[in-house]
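my_file15.cif (mmCIF, C-alpha atoms and all ligand atoms)
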```cif
data_run
loop_
_atom_site.label_atom_id
_atom_site.label_comp_id
_atom_site.auth_asym_id
_atom_site.auth_seq_id
_atom_site.Cartn_x
_atom_site.Cartn_y
_atom_site.Cartn_z
CA MET A 208 -19.52 -0.48 -0.63
CA ALA A 209 -21.14 -1.29 2.67
CA SER A 210 -19.64 0.56 5.58
CA ASP A 211 -20.48 -1.86 8.36
CA VAL A 212 -17.43 -2.60 10.45
CA LEU A 213 -16.51 -6.28 10.15
CA VAL A 214 -13.21 -6.48 12.01
CA ARG A 215 -12.07 -4.20 14.80
CA LEU A 216 -8.61 -4.19 16.32
CA GLU A 217 -8.70 -2.43 19.67
CA ASN A 218 -5.56 -1.28 21.47
CA LEU A 219 -3.67 -4.20 20.04
CA SER A 220 -0.08 -4.72 21.14
CA LYS A 221 2.28 -7.61 20.52
CA HIS A 222 5.58 -7.92 22.36
CA PHE A 223 8.03 -10.66 21.44
CA ALA A 224 10.79 -12.15 23.58
CA GLY A 225 13.82 -9.89 24.00
CA GLY A 226 11.73 -6.74 24.27
CA ILE A 227 10.88 -6.62 20.55
CA VAL A 228 7.71 -4.64 19.94
CA GLY A 229 5.85 -6.11 16.98
CA LEU A 230 2.72 -3.98 17.40
CA ASN A 231 2.16 -0.97 19.59
CA ASP A 232 -1.42 0.04 20.40
CA ILE A 233 -3.01 -0.59 17.00
CA ASN A 234 -6.60 0.61 16.51
CA LEU A 235 -8.21 -0.24 13.20
CA SER A 236 -11.72 -0.80 11.84
CA ILE A 237 -12.02 -2.90 8.70
CA ASP A 238 -15.28 -2.50 6.78
CA GLU A 239 -17.32 -5.36 5.40
CA GLY A 240 -16.48 -5.86 1.73
CA GLU A 241 -13.53 -3.52 1.50
CA PHE A 242 -10.09 -4.11 0.03
CA LEU A 243 -7.69 -2.87 2.69
CA SER A 244 -3.92 -2.89 2.33
CA LEU A 245 -1.30 -2.77 5.04
CA LEU A 246 1.69 -0.92 3.67
CA GLY A 247 5.01 -0.12 5.29
CA PRO A 248 8.72 -0.85 5.42
CA SER A 249 10.19 -4.20 6.42
CA GLY A 250 9.69 -5.03 10.09
CA CYS A 251 6.92 -2.47 10.70
CA GLY A 252 4.41 -5.10 11.88
CA LYS A 253 2.32 -5.92 8.79
CA THR A 254 2.60 -9.71 9.00
CA THR A 255 2.13 -9.62 12.78
CA THR A 256 -1.15 -7.72 12.28
CA LEU A 257 -2.38 -10.39 9.86
CA ARG A 258 -1.28 -13.22 12.14
CA VAL A 259 -3.18 -11.70 15.07
CA ILE A 260 -6.34 -11.34 12.93
CA ALA A 261 -5.93 -14.93 11.71
CA GLY A 262 -5.39 -16.24 15.23
CA PHE A 263 -1.90 -17.61 14.63
CA GLU A 264 -0.55 -15.15 17.17
CA ALA A 265 -2.14 -14.04 20.42
CA PRO A 266 -1.84 -10.32 21.17
CA THR A 267 -0.02 -9.28 24.33
CA GLU A 268 -2.76 -6.71 24.89
CA GLY A 269 -5.95 -5.73 23.14
CA VAL A 270 -8.95 -7.28 21.49
CA VAL A 271 -9.85 -8.57 18.02
CA ARG A 272 -13.56 -8.26 17.21
CA LEU A 273 -15.53 -9.73 14.34
CA ASP A 274 -19.09 -8.43 13.94
CA GLY A 275 -18.61 -6.81 17.31
CA LYS A 276 -17.89 -10.13 19.01
CA ASP A 277 -14.59 -10.65 20.85
CA ILE A 278 -12.81 -13.45 18.94
CA THR A 279 -9.40 -13.02 20.62
CA PRO A 280 -9.67 -16.38 22.44
CA LEU A 281 -10.79 -18.32 19.32
CA ARG A 282 -8.39 -20.74 17.61
CA ALA A 283 -7.38 -19.91 14.03
CA PHE A 284 -9.44 -22.84 12.72
CA ASP A 285 -12.58 -21.53 14.40
CA ARG A 286 -12.37 -18.07 12.83
CA PRO A 287 -14.12 -17.36 9.51
CA VAL A 288 -10.78 -16.15 8.20
CA ASN A 289 -8.43 -17.62 5.59
CA THR A 290 -4.88 -16.69 4.68
CA VAL A 291 -2.90 -16.71 1.45
CA PHE A 292 0.74 -16.99 2.43
CA GLN A 293 3.63 -15.35 0.62
CA ASP A 294 5.13 -18.71 -0.39
CA TYR A 295 1.63 -20.12 -1.10
CA ALA A 296 2.31 -23.13 1.23
CA LEU A 297 0.76 -25.59 -1.24
CA PHE A 298 1.10 -29.35 -0.76
CA PRO A 299 3.50 -30.33 -3.55
CA HIS A 300 2.54 -34.01 -3.71
CA MET A 301 -1.19 -33.27 -4.10
CA SER A 302 -3.16 -32.35 -7.18
CA VAL A 303 -4.70 -28.92 -7.69
CA ALA A 304 -8.12 -30.28 -6.68
CA GLU A 305 -6.74 -31.89 -3.51
CA ASN A 306 -4.98 -28.69 -2.52
CA VAL A 307 -8.06 -26.58 -3.05
CA GLY A 308 -10.35 -29.09 -1.33
CA PHE A 309 -8.11 -29.58 1.68
CA GLY A 310 -9.85 -27.06 3.91
CA LEU A 311 -13.24 -28.49 2.97
CA SER A 312 -12.11 -31.98 4.04
CA LEU A 313 -11.05 -30.58 7.40
CA ARG A 314 -14.56 -29.18 7.70
CA LYS A 315 -16.04 -32.59 6.81
CA ILE A 316 -17.39 -31.39 3.48
CA ALA A 317 -17.05 -34.27 1.01
CA GLY A 318 -18.45 -35.91 -2.12
CA ALA A 319 -20.42 -33.94 -4.69
CA GLU A 320 -20.60 -30.80 -2.54
CA ARG A 321 -16.84 -30.72 -2.22
CA ARG A 322 -16.31 -31.34 -5.94
CA LYS A 323 -18.76 -28.58 -6.82
CA ARG A 324 -17.10 -26.02 -4.55
CA VAL A 325 -13.58 -26.90 -5.70
CA ALA A 326 -14.63 -26.54 -9.34
CA ALA A 327 -16.32 -23.20 -8.63
CA ALA A 328 -13.27 -21.84 -6.80
CA LEU A 329 -10.94 -22.91 -9.61
CA ASP A 330 -13.29 -21.33 -12.12
CA MET A 331 -13.12 -18.04 -10.20
CA VAL A 332 -9.34 -17.95 -10.57
CA GLY A 333 -9.33 -19.15 -14.20
CA LEU A 334 -7.80 -22.57 -13.53
CA ALA A 335 -10.72 -24.89 -14.30
CA ASP A 336 -8.66 -26.78 -16.87
CA LYS A 337 -5.88 -27.55 -14.39
CA ILE A 338 -8.02 -29.33 -11.82
CA ASN A 339 -6.20 -32.68 -12.05
CA GLN A 340 -2.66 -31.35 -12.49
CA ARG A 341 -0.03 -31.80 -9.83
CA VAL A 342 0.96 -28.42 -8.40
CA GLN A 343 4.61 -29.15 -9.19
CA ALA A 344 3.72 -28.93 -12.86
CA LEU A 345 2.34 -25.38 -12.52
CA SER A 346 3.98 -22.01 -13.16
CA GLY A 347 4.44 -19.47 -10.36
CA GLY A 348 1.38 -17.50 -11.45
CA GLN A 349 -0.74 -20.66 -11.59
CA ARG A 350 0.38 -21.72 -8.11
CA GLN A 351 -0.60 -18.28 -6.91
CA ARG A 352 -4.11 -18.87 -8.28
CA VAL A 353 -4.32 -22.28 -6.62
CA ALA A 354 -3.43 -20.66 -3.31
CA LEU A 355 -6.18 -18.10 -3.87
CA ALA A 356 -8.71 -20.79 -4.79
CA ARG A 357 -7.77 -22.78 -1.70
CA ALA A 358 -8.34 -19.71 0.46
CA ILE A 359 -11.71 -18.70 -1.01
CA VAL A 360 -13.23 -22.18 -1.23
CA CYS A 361 -14.19 -22.13 2.45
CA GLU A 362 -16.00 -18.82 1.89
CA PRO A 363 -14.26 -16.88 4.64
CA ARG A 364 -15.65 -13.56 5.87
CA VAL A 365 -12.13 -12.16 5.72
CA LEU A 366 -9.34 -13.13 3.35
CA LEU A 367 -5.85 -12.25 4.55
CA LEU A 368 -3.10 -12.02 1.93
CA ASP A 369 0.55 -11.66 2.92
CA GLU A 370 2.54 -10.24 0.00
CA PRO A 371 0.56 -12.53 -2.32
CA LEU A 372 2.17 -11.29 -5.53
CA SER A 373 5.75 -10.74 -4.47
CA ALA A 374 7.07 -13.95 -6.07
CA LEU A 375 5.75 -12.98 -9.51
CA ASP A 376 7.61 -11.05 -12.21
CA ALA A 377 6.56 -7.46 -12.85
CA HIS A 378 4.28 -8.17 -15.82
CA LEU A 379 2.41 -11.09 -14.23
CA ARG A 380 2.19 -9.14 -11.03
CA GLU A 381 0.35 -6.28 -12.69
CA GLN A 382 -2.04 -8.74 -14.34
CA MET A 383 -2.69 -10.49 -11.02
CA GLN A 384 -3.39 -7.16 -9.31
CA VAL A 385 -6.28 -6.63 -11.71
CA GLU A 386 -7.46 -10.23 -11.16
CA LEU A 387 -7.26 -9.94 -7.41
CA LYS A 388 -9.37 -6.80 -7.48
CA ARG A 389 -11.92 -8.45 -9.79
CA LEU A 390 -12.07 -11.52 -7.54
CA GLN A 391 -12.62 -9.37 -4.48
CA ARG A 392 -15.42 -7.45 -6.20
CA GLU A 393 -17.14 -10.61 -7.41
CA LEU A 394 -16.92 -12.35 -4.05
CA GLY A 395 -17.74 -9.24 -2.03
CA THR A 396 -15.38 -10.64 0.61
CA THR A 397 -13.26 -8.40 2.82
CA PHE A 398 -9.63 -8.59 1.69
CA VAL A 399 -6.75 -7.48 3.90
CA MET A 400 -3.51 -7.50 1.94
CA VAL A 401 0.02 -6.90 3.12
CA THR A 402 2.42 -5.33 0.69
CA HIS A 403 5.49 -3.18 0.77
CA ASP A 404 4.89 -2.11 -2.81
CA GLN A 405 3.19 1.27 -2.70
CA THR A 406 2.20 1.22 -6.38
CA GLU A 407 0.39 -2.05 -5.78
CA ALA A 408 -1.35 -0.71 -2.69
CA LEU A 409 -2.37 2.51 -4.46
CA SER A 410 -3.75 0.71 -7.48
CA ILE A 411 -5.97 -1.93 -5.86
CA SER A 412 -7.00 -0.80 -2.38
CA ASP A 413 -10.13 0.96 -1.18
CA ARG A 414 -8.12 2.12 1.82
CA ILE A 415 -4.50 1.84 2.84
CA VAL A 416 -3.08 1.59 6.34
CA VAL A 417 0.46 2.96 6.40
CA MET A 418 2.47 1.42 9.22
CA ASN A 419 5.86 2.38 10.60
CA LYS A 420 7.71 0.98 13.60
CA ALA A 421 4.82 -1.10 14.97
CA GLU A 422 2.35 1.79 14.75
CA ILE A 423 -0.20 3.18 12.30
CA GLU A 424 0.84 6.44 10.64
CA GLN A 425 -2.27 7.04 8.54
CA ILE A 426 -5.40 5.28 7.30
CA ALA A 427 -6.87 6.74 4.11
CA SER A 428 -7.97 6.15 0.54
CA PRO A 429 -5.17 6.04 -2.07
CA SER A 430 -5.93 9.55 -3.36
CA VAL A 431 -6.09 11.14 0.09
CA LEU A 432 -2.86 9.41 1.06
CA TYR A 433 -1.22 10.74 -2.09
CA ASP A 434 -2.56 14.29 -1.86
CA GLN A 435 -2.79 14.80 1.89
CA PRO A 436 -0.19 12.73 3.70
CA ALA A 437 -0.64 13.31 7.42
CA THR A 438 2.96 12.83 8.46
CA ARG A 439 6.41 13.39 7.07
CA PHE A 440 6.91 9.63 7.02
CA VAL A 441 3.85 9.05 4.82
CA ALA A 442 4.80 11.96 2.57
CA GLY A 443 8.22 10.43 2.03
CA PHE A 444 6.94 6.86 1.68
CA ILE A 445 4.09 7.29 -0.83
CA GLY A 446 5.35 8.23 -4.28
CA THR A 447 8.17 10.69 -4.79
CA MET A 448 7.95 13.86 -2.75
CA ASN A 449 10.30 16.80 -2.34
CA LEU A 450 10.32 17.57 1.38
CA LEU A 451 11.53 21.12 1.88
CA ASP A 452 12.32 22.79 5.19
CA ALA A 453 10.48 26.06 4.88
CA ARG A 454 9.26 29.07 6.83
CA LEU A 455 5.97 30.91 6.61
CA ALA A 456 6.91 34.33 5.23
CA GLY A 457 3.43 35.78 5.11
CA ARG A 458 -0.22 35.50 4.20
CA GLU A 459 -1.96 37.30 1.37
CA ALA A 460 -5.71 36.87 0.99
CA SER A 461 -6.23 33.12 0.61
CA LEU A 462 -2.55 32.41 -0.17
CA LEU A 463 0.27 31.37 2.12
CA ARG A 464 3.78 32.37 1.16
CA PHE A 465 6.55 30.08 2.34
CA THR A 466 10.25 30.43 1.64
CA ALA A 467 12.66 27.51 1.34
CA GLY A 468 16.06 29.09 0.90
CA ALA A 469 15.78 31.36 -2.13
CA LEU A 470 12.66 29.58 -3.37
CA SER A 471 9.34 31.26 -2.77
CA LEU A 472 6.27 29.04 -2.48
CA ASN A 473 2.76 30.45 -2.81
CA MET A 474 0.00 28.05 -2.07
CA PRO A 475 -3.68 27.89 -1.08
CA ALA A 476 -4.15 28.44 2.64
CA SER A 477 -5.94 25.19 3.39
CA GLY A 478 -4.29 23.19 6.17
CA ALA A 479 -1.57 25.09 8.05
CA VAL A 480 -4.25 27.02 9.93
CA GLY A 481 -2.30 27.37 13.16
CA LEU A 482 0.98 28.60 11.61
CA LYS A 483 2.23 32.11 12.33
CA THR A 484 4.61 34.17 10.22
CA GLY A 485 8.14 32.96 10.85
CA ASP A 486 7.07 29.44 11.87
CA ALA A 487 8.92 26.47 10.40
CA ALA A 488 7.14 23.75 8.41
CA THR A 489 7.94 21.01 5.97
CA ILE A 490 6.39 21.45 2.53
CA GLY A 491 5.82 18.39 0.37
CA ILE A 492 6.02 19.02 -3.37
CA ARG A 493 5.39 16.34 -5.99
CA PRO A 494 7.84 16.25 -8.92
CA GLU A 495 4.98 17.11 -11.30
CA ASP A 496 4.38 20.33 -9.34
CA ILE A 497 7.88 21.68 -9.87
CA GLN A 498 7.95 23.94 -12.89
CA VAL A 499 11.22 24.36 -14.76
CA SER A 500 11.81 27.33 -17.01
CA PRO A 501 14.74 28.78 -18.99
CA ASN A 502 13.94 32.26 -17.63
CA ARG A 503 13.63 33.68 -14.15
CA ILE A 504 10.00 34.00 -13.14
CA GLU A 505 8.51 35.33 -9.92
CA GLY A 506 9.33 33.17 -6.93
CA SER A 507 11.72 30.94 -8.89
CA VAL A 508 15.18 29.86 -7.88
CA ALA A 509 18.26 29.23 -10.04
CA VAL A 510 19.05 25.53 -10.36
CA THR A 511 21.65 23.31 -11.97
CA VAL A 512 20.72 19.97 -13.55
CA GLU A 513 22.42 17.14 -11.66
CA SER A 514 20.90 14.14 -13.41
CA VAL A 515 18.31 13.26 -16.03
CA VAL A 516 16.54 9.89 -15.87
CA PHE A 517 14.31 8.54 -18.63
CA HIS A 518 10.89 7.54 -17.22
CA GLY A 519 8.93 6.76 -20.39
CA ARG A 520 6.30 9.50 -20.59
CA SER A 521 8.43 11.97 -18.69
CA LEU A 522 11.97 12.71 -17.64
CA ARG A 523 12.81 12.79 -13.97
CA VAL A 524 15.42 15.44 -13.31
CA HIS A 525 17.37 16.15 -10.15
CA LEU A 526 18.12 19.82 -9.67
CA ARG A 527 20.26 21.63 -7.14
CA THR A 528 19.75 25.20 -6.01
CA GLN A 529 22.63 27.53 -5.18
CA ASP A 530 21.79 27.19 -1.52
CA LYS A 531 22.10 23.39 -1.91
CA TYR A 532 18.46 22.38 -1.80
CA SER A 533 17.87 19.44 -4.04
CA LEU A 534 14.66 19.25 -6.08
CA THR A 535 13.22 16.40 -8.11
CA ALA A 536 11.05 17.44 -11.07
CA ASP A 537 9.22 15.62 -13.84
CA ILE A 538 9.47 17.10 -17.33
CA PRO A 539 6.95 15.88 -19.94
CA ARG A 540 8.77 14.39 -22.92
CA GLN A 541 7.00 16.62 -25.41
CA SER A 542 8.30 19.73 -23.60
CA GLU A 543 11.11 21.59 -25.34
CA LEU A 544 13.01 21.29 -22.06
CA ALA A 545 13.15 17.51 -22.48
CA ALA A 546 16.50 17.96 -24.24
CA MET A 547 18.10 19.29 -21.03
CA THR A 548 21.48 17.90 -20.06
CA VAL A 549 23.49 17.62 -16.86
CA GLY A 550 25.17 20.87 -15.85
CA GLU A 551 22.69 23.18 -17.57
CA HIS A 552 21.12 26.06 -15.65
CA PHE A 553 17.40 26.73 -15.31
CA PHE A 554 14.89 28.30 -12.93
CA ALA A 555 12.58 26.21 -10.78
CA SER A 556 9.34 27.31 -9.18
CA LEU A 557 6.16 25.89 -7.75
CA ARG A 558 3.45 25.29 -10.35
CA PRO A 559 0.75 27.92 -9.72
CA GLY A 560 -2.30 26.39 -8.06
CA ALA A 561 -0.41 23.37 -6.73
CA ALA A 562 -1.87 22.36 -3.38
CA CYS A 563 1.02 21.05 -1.34
CA PRO A 564 0.78 19.35 2.02
CA VAL A 565 2.14 21.45 4.89
CA LEU A 566 3.62 19.14 7.50
CA PRO A 567 5.15 19.70 10.90
CA ALA A 568 8.79 20.80 10.67
N1 LIG B 1 8.03 -14.72 16.20
C1 LIG B 1 8.73 -13.61 16.39
N2 LIG B 1 9.66 -13.53 17.38
C2 LIG B 1 10.34 -12.39 17.60
N3 LIG B 1 10.20 -11.27 16.91
C3 LIG B 1 9.30 -11.28 15.91
C4 LIG B 1 8.52 -12.44 15.59
N4 LIG B 1 7.70 -12.14 14.56
C5 LIG B 1 7.96 -10.86 14.23
N5 LIG B 1 8.91 -10.33 15.04
C6 LIG B 1 9.44 -8.94 15.01
O1 LIG B 1 8.34 -8.06 15.01
C7 LIG B 1 8.54 -6.97 14.12
C8 LIG B 1 7.45 -6.93 13.09
O2 LIG B 1 7.56 -8.07 12.25
P1 LIG B 1 6.60 -8.37 11.02
O3 LIG B 1 6.92 -9.73 10.53
O4 LIG B 1 5.21 -8.11 11.42
O5 LIG B 1 7.09 -7.28 9.98
P2 LIG B 1 6.60 -6.98 8.49
O6 LIG B 1 6.06 -5.60 8.48
O7 LIG B 1 5.71 -8.08 8.03
O8 LIG B 1 7.98 -6.98 7.68
P3 LIG B 1 8.37 -7.59 6.23
O9 LIG B 1 7.94 -6.54 5.22
O10 LIG B 1 9.85 -7.70 6.29
O11 LIG B 1 7.68 -8.90 6.04
C9 LIG B 1 9.95 -7.17 13.55
O12 LIG B 1 10.83 -6.42 14.31
C10 LIG B 1 10.17 -8.65 13.70
O13 LIG B 1 11.55 -8.91 13.81
MG MG B 2 5.89 -9.60 6.59
#
```

Show how you would write the structure in this file as C-alpha cells.
Amino acid sequence: MASDVLVRLENLSKHFAGGIVGLNDINLSIDEGEFLSLLGPSGCGKTTTLRVIAGFEAPTEGVVRLDGKDITPLRAFDRPVNTVFQDYALFPHMSVAENVGFGLSLRKIAGAERRKRVAAALDMVGLADKINQRVQALSGGQRQRVALARAIVCEPRVLLLDEPLSALDAHLREQMQVELKRLQRELGTTFVMVTHDQTEALSISDRIVVMNKAEIEQIASPSVLYDQPATRFVAGFIGTMNLLDARLAGREASLLRFTAGALSLNMPASGAVGLKTGDAATIGIRPEDIQVSPNRIEGSVAVTVESVVFHGRSLRVHLRTQDKYSLTADIPRQSELAAMTVGEHFFASLRPGAACPVLPA
C-alpha cells in the first residue's frame, strides 16, 4: 500500500446551531489507496466528518486538503469525491443503467463512452445482467451494489461510504464486506467508511479511526487497536474487555505485579513505564486471557459462575469474585469445564504470558 497522504483534515471543527459540537479539532491523514473506517457510537461525528470531506458541510474551523491542496472552498461537485449513502438514495423511477450513468451525464459524458463505463462499473459489482432492470425490482443487496456502481463510475479519488451495509441482513452483510474489500483492492481507490459495527471495521479496514464525542480517541490498525487500546474508551468499545481497577503491587525482573482485589496479575512490563508501586491503573483483560480452573493456583481468585452463554466455539461465562469484581471469560467448548453451570465455584487467574493493556486509572 502506498503511504502518500491523499486527504488531510487539519484542526477541523464543526459547530451547529444551539451550541452543538459536531467535530472538535479533528486532525487526520488519509493515505492514498487505504481502506479507512470511522468507528464510534451514535452522535460521535462520523457522518459529519464524511460530509465535510465531501463538501456537503463547511467546517466552522480548519482545512480539508487533497494532495496537499486546500479544497475547503470547493463545492461538492468539484471535488474528486463520491459518496454512497446509507439509504443508497437511488432514483426509483430510473433503470439501473440510468442510475449508474447519472453522474456521468452531469459531467457531460455521453454515448458510447458512457455506456462502456456504466457496463464496466456494473461488472465490477457483479450486476452486469441487471443493467436494464428498474431499481424497484431489485433486492436490498442488489440496490446496494447499484449505489456502489454509481459511486465508482466517476472514478473518484476518494469514495466515502456512510454505513453502506447497515440495511442488509447479517449473512448478506458479511458477504458484502468481502466484496467491498475486493472492490477497493481492485480499484486501488481510497475508501473512507463509516460504521458503528466494530466487527465490520476490524475485518475490512487497513486502519480504524475511533471517535467519541466529536473527537478522535485513537487511529490504528485493527490488530493494534485490539491489542493496545490507547484509552479506556477504546478498550471498552473494541471487542469485549474486562476493565479492572488495579494497583501496582511490585516489579520483579521484567514482570509487573498488579492486584485487583484478591486477584493477582503478573504481566510483562511493557507499557506502564512511569508507574510506581502503589499507583492505580486500569488493566484491560480479554475474556480469552482469563483462565478458569477447578483448583486454586498462584495468583487466582475464588469466583462464582453467574451466567453461561453459548457462543458457538466457546462459552462466555460471567464470574463474580468474593470482593464483587465481575469477570467475563471464554471457555473453549472442548474443555472439560464447558459443562459448568450457574452457581458453581471455580478459581480465575490471568493466563500466563498474557500481555494486557495498562491504562490510566
Ligand atoms: N445539521 C445538523 N444540525 C444540528 N446538529 C447536527 C447536524 N448534523 C449533525 N448534528 C449533531 O452533530 C453530532 C454528530 O452527528 P453525526 O451525524 O456526525 O453523528 P454520527 O457519528 O454519524 O452518528 P450516527 O451513528 O447516529 O449516524 C450529533 O450530536 C448530531 O446531533
Ligand atoms: Mg451517521

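Between A:Met383 and the candidates A:Ile415, A:Leu355, A:Leu345, A:Ile492, the tightest atom-to-atom separation, counting all atoms listed in the file, involves A:Leu355.
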
Check which residues fall inside 7 Å of ligand MG 2 (chain B) when counting all atoms listed in the file, and print them as a tab-separated table (two decimals) with C-alpha atoms, in the frame of the given file.
```
chain	number	residue	atom	x	y	z
A	249	SER	CA	10.19	-4.20	6.42
A	250	GLY	CA	9.69	-5.03	10.09
A	253	LYS	CA	2.32	-5.92	8.79
A	254	THR	CA	2.60	-9.71	9.00
A	369	ASP	CA	0.55	-11.66	2.92
```

List every protein, DNA or RNA residue that has at least one atom no more than 8 Å from (6.5, 17.1, -15.2) in the file's coordinates, counting all atoms listed in the file, and write the result as a VMD selection string. chain A and resid 494 to 498 521 to 523 536 to 539

Which one is closest to ligand LIG 1 (chain B): A:Lys420, A:Arg558, A:Arg322, A:Arg314? Count all atoms listed in the file.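 Of A:Lys420, A:Arg558, A:Arg322, A:Arg314, the one nearest ligand LIG 1 (chain B), counting all atoms listed in the file, is A:Lys420.
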
For a quick check of understanding, using all atoms listed in the file, which of A:Glu551, A:Glu268, A:Asp404, A:Glu362 has the smallest distance to ligand LIG 1 (chain B)?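 Nearest candidate to ligand LIG 1 (chain B) out of A:Glu551, A:Glu268, A:Asp404, A:Glu362: A:Asp404.
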
Please, what is the axis-aligned box for every listed atom of ligand LIG 1 (chain B) with 8 Å on each side, as centre and edge lengths in Å to one decimal, as AutoDock Vina command-line options?
```
--center_x 8.4 --center_y -10.2 --center_z 11.4 --size_x 22.3 --size_y 25.1 --size_z 28.4
```

Exercise: A:His525 partners within 9 Å, all atoms listed in the file, chain neighbours under 3 positions left out, as a compact mmCIF listing (two decimals) with C-alpha atoms, keeping the file's coordinate frame:
```txt
# COMPACT_ATOMS: atom_id res chain seq x y z
CA THR A 511 21.65 23.31 -11.97
CA VAL A 512 20.72 19.97 -13.55
CA GLU A 513 22.42 17.14 -11.66
CA SER A 514 20.90 14.14 -13.41
CA VAL A 515 18.31 13.26 -16.03
CA VAL A 516 16.54 9.89 -15.87
CA SER A 533 17.87 19.44 -4.04
CA LEU A 534 14.66 19.25 -6.08
CA THR A 535 13.22 16.40 -8.11
CA ALA A 536 11.05 17.44 -11.07
CA ASP A 537 9.22 15.62 -13.84
```

Please check which protein, DNA or RNA residues sit within 7 Å of ligand LIG 1 (chain B), counting all atoms listed in the file, and write them as an MDAnalysis selection string. chainID A and resid 223:224 227:229 247:256 403 421

Would you pick out the contacts of A:Phe284 at 9 Å or less, using all atoms listed in the file, so that residues sharing its chain but fewer than 3 positions from it are not included, and give the list as a ChimeraX atom specification? /A:261-262,281,287-289

Which residue of A:Met331, A:Leu245, A:Leu213, A:Met448 approaches A:Ile411 most closely, using only C-alpha atoms: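 Among the listed residues, the smallest separation from A:Ile411 belongs to A:Leu245.
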
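The smallest atom-to-atom distance between A:Ala469 and any of A:Ser507, A:Ser312, A:Gln425, A:Ser346, using all atoms listed in the file, is found for A:Ser507.
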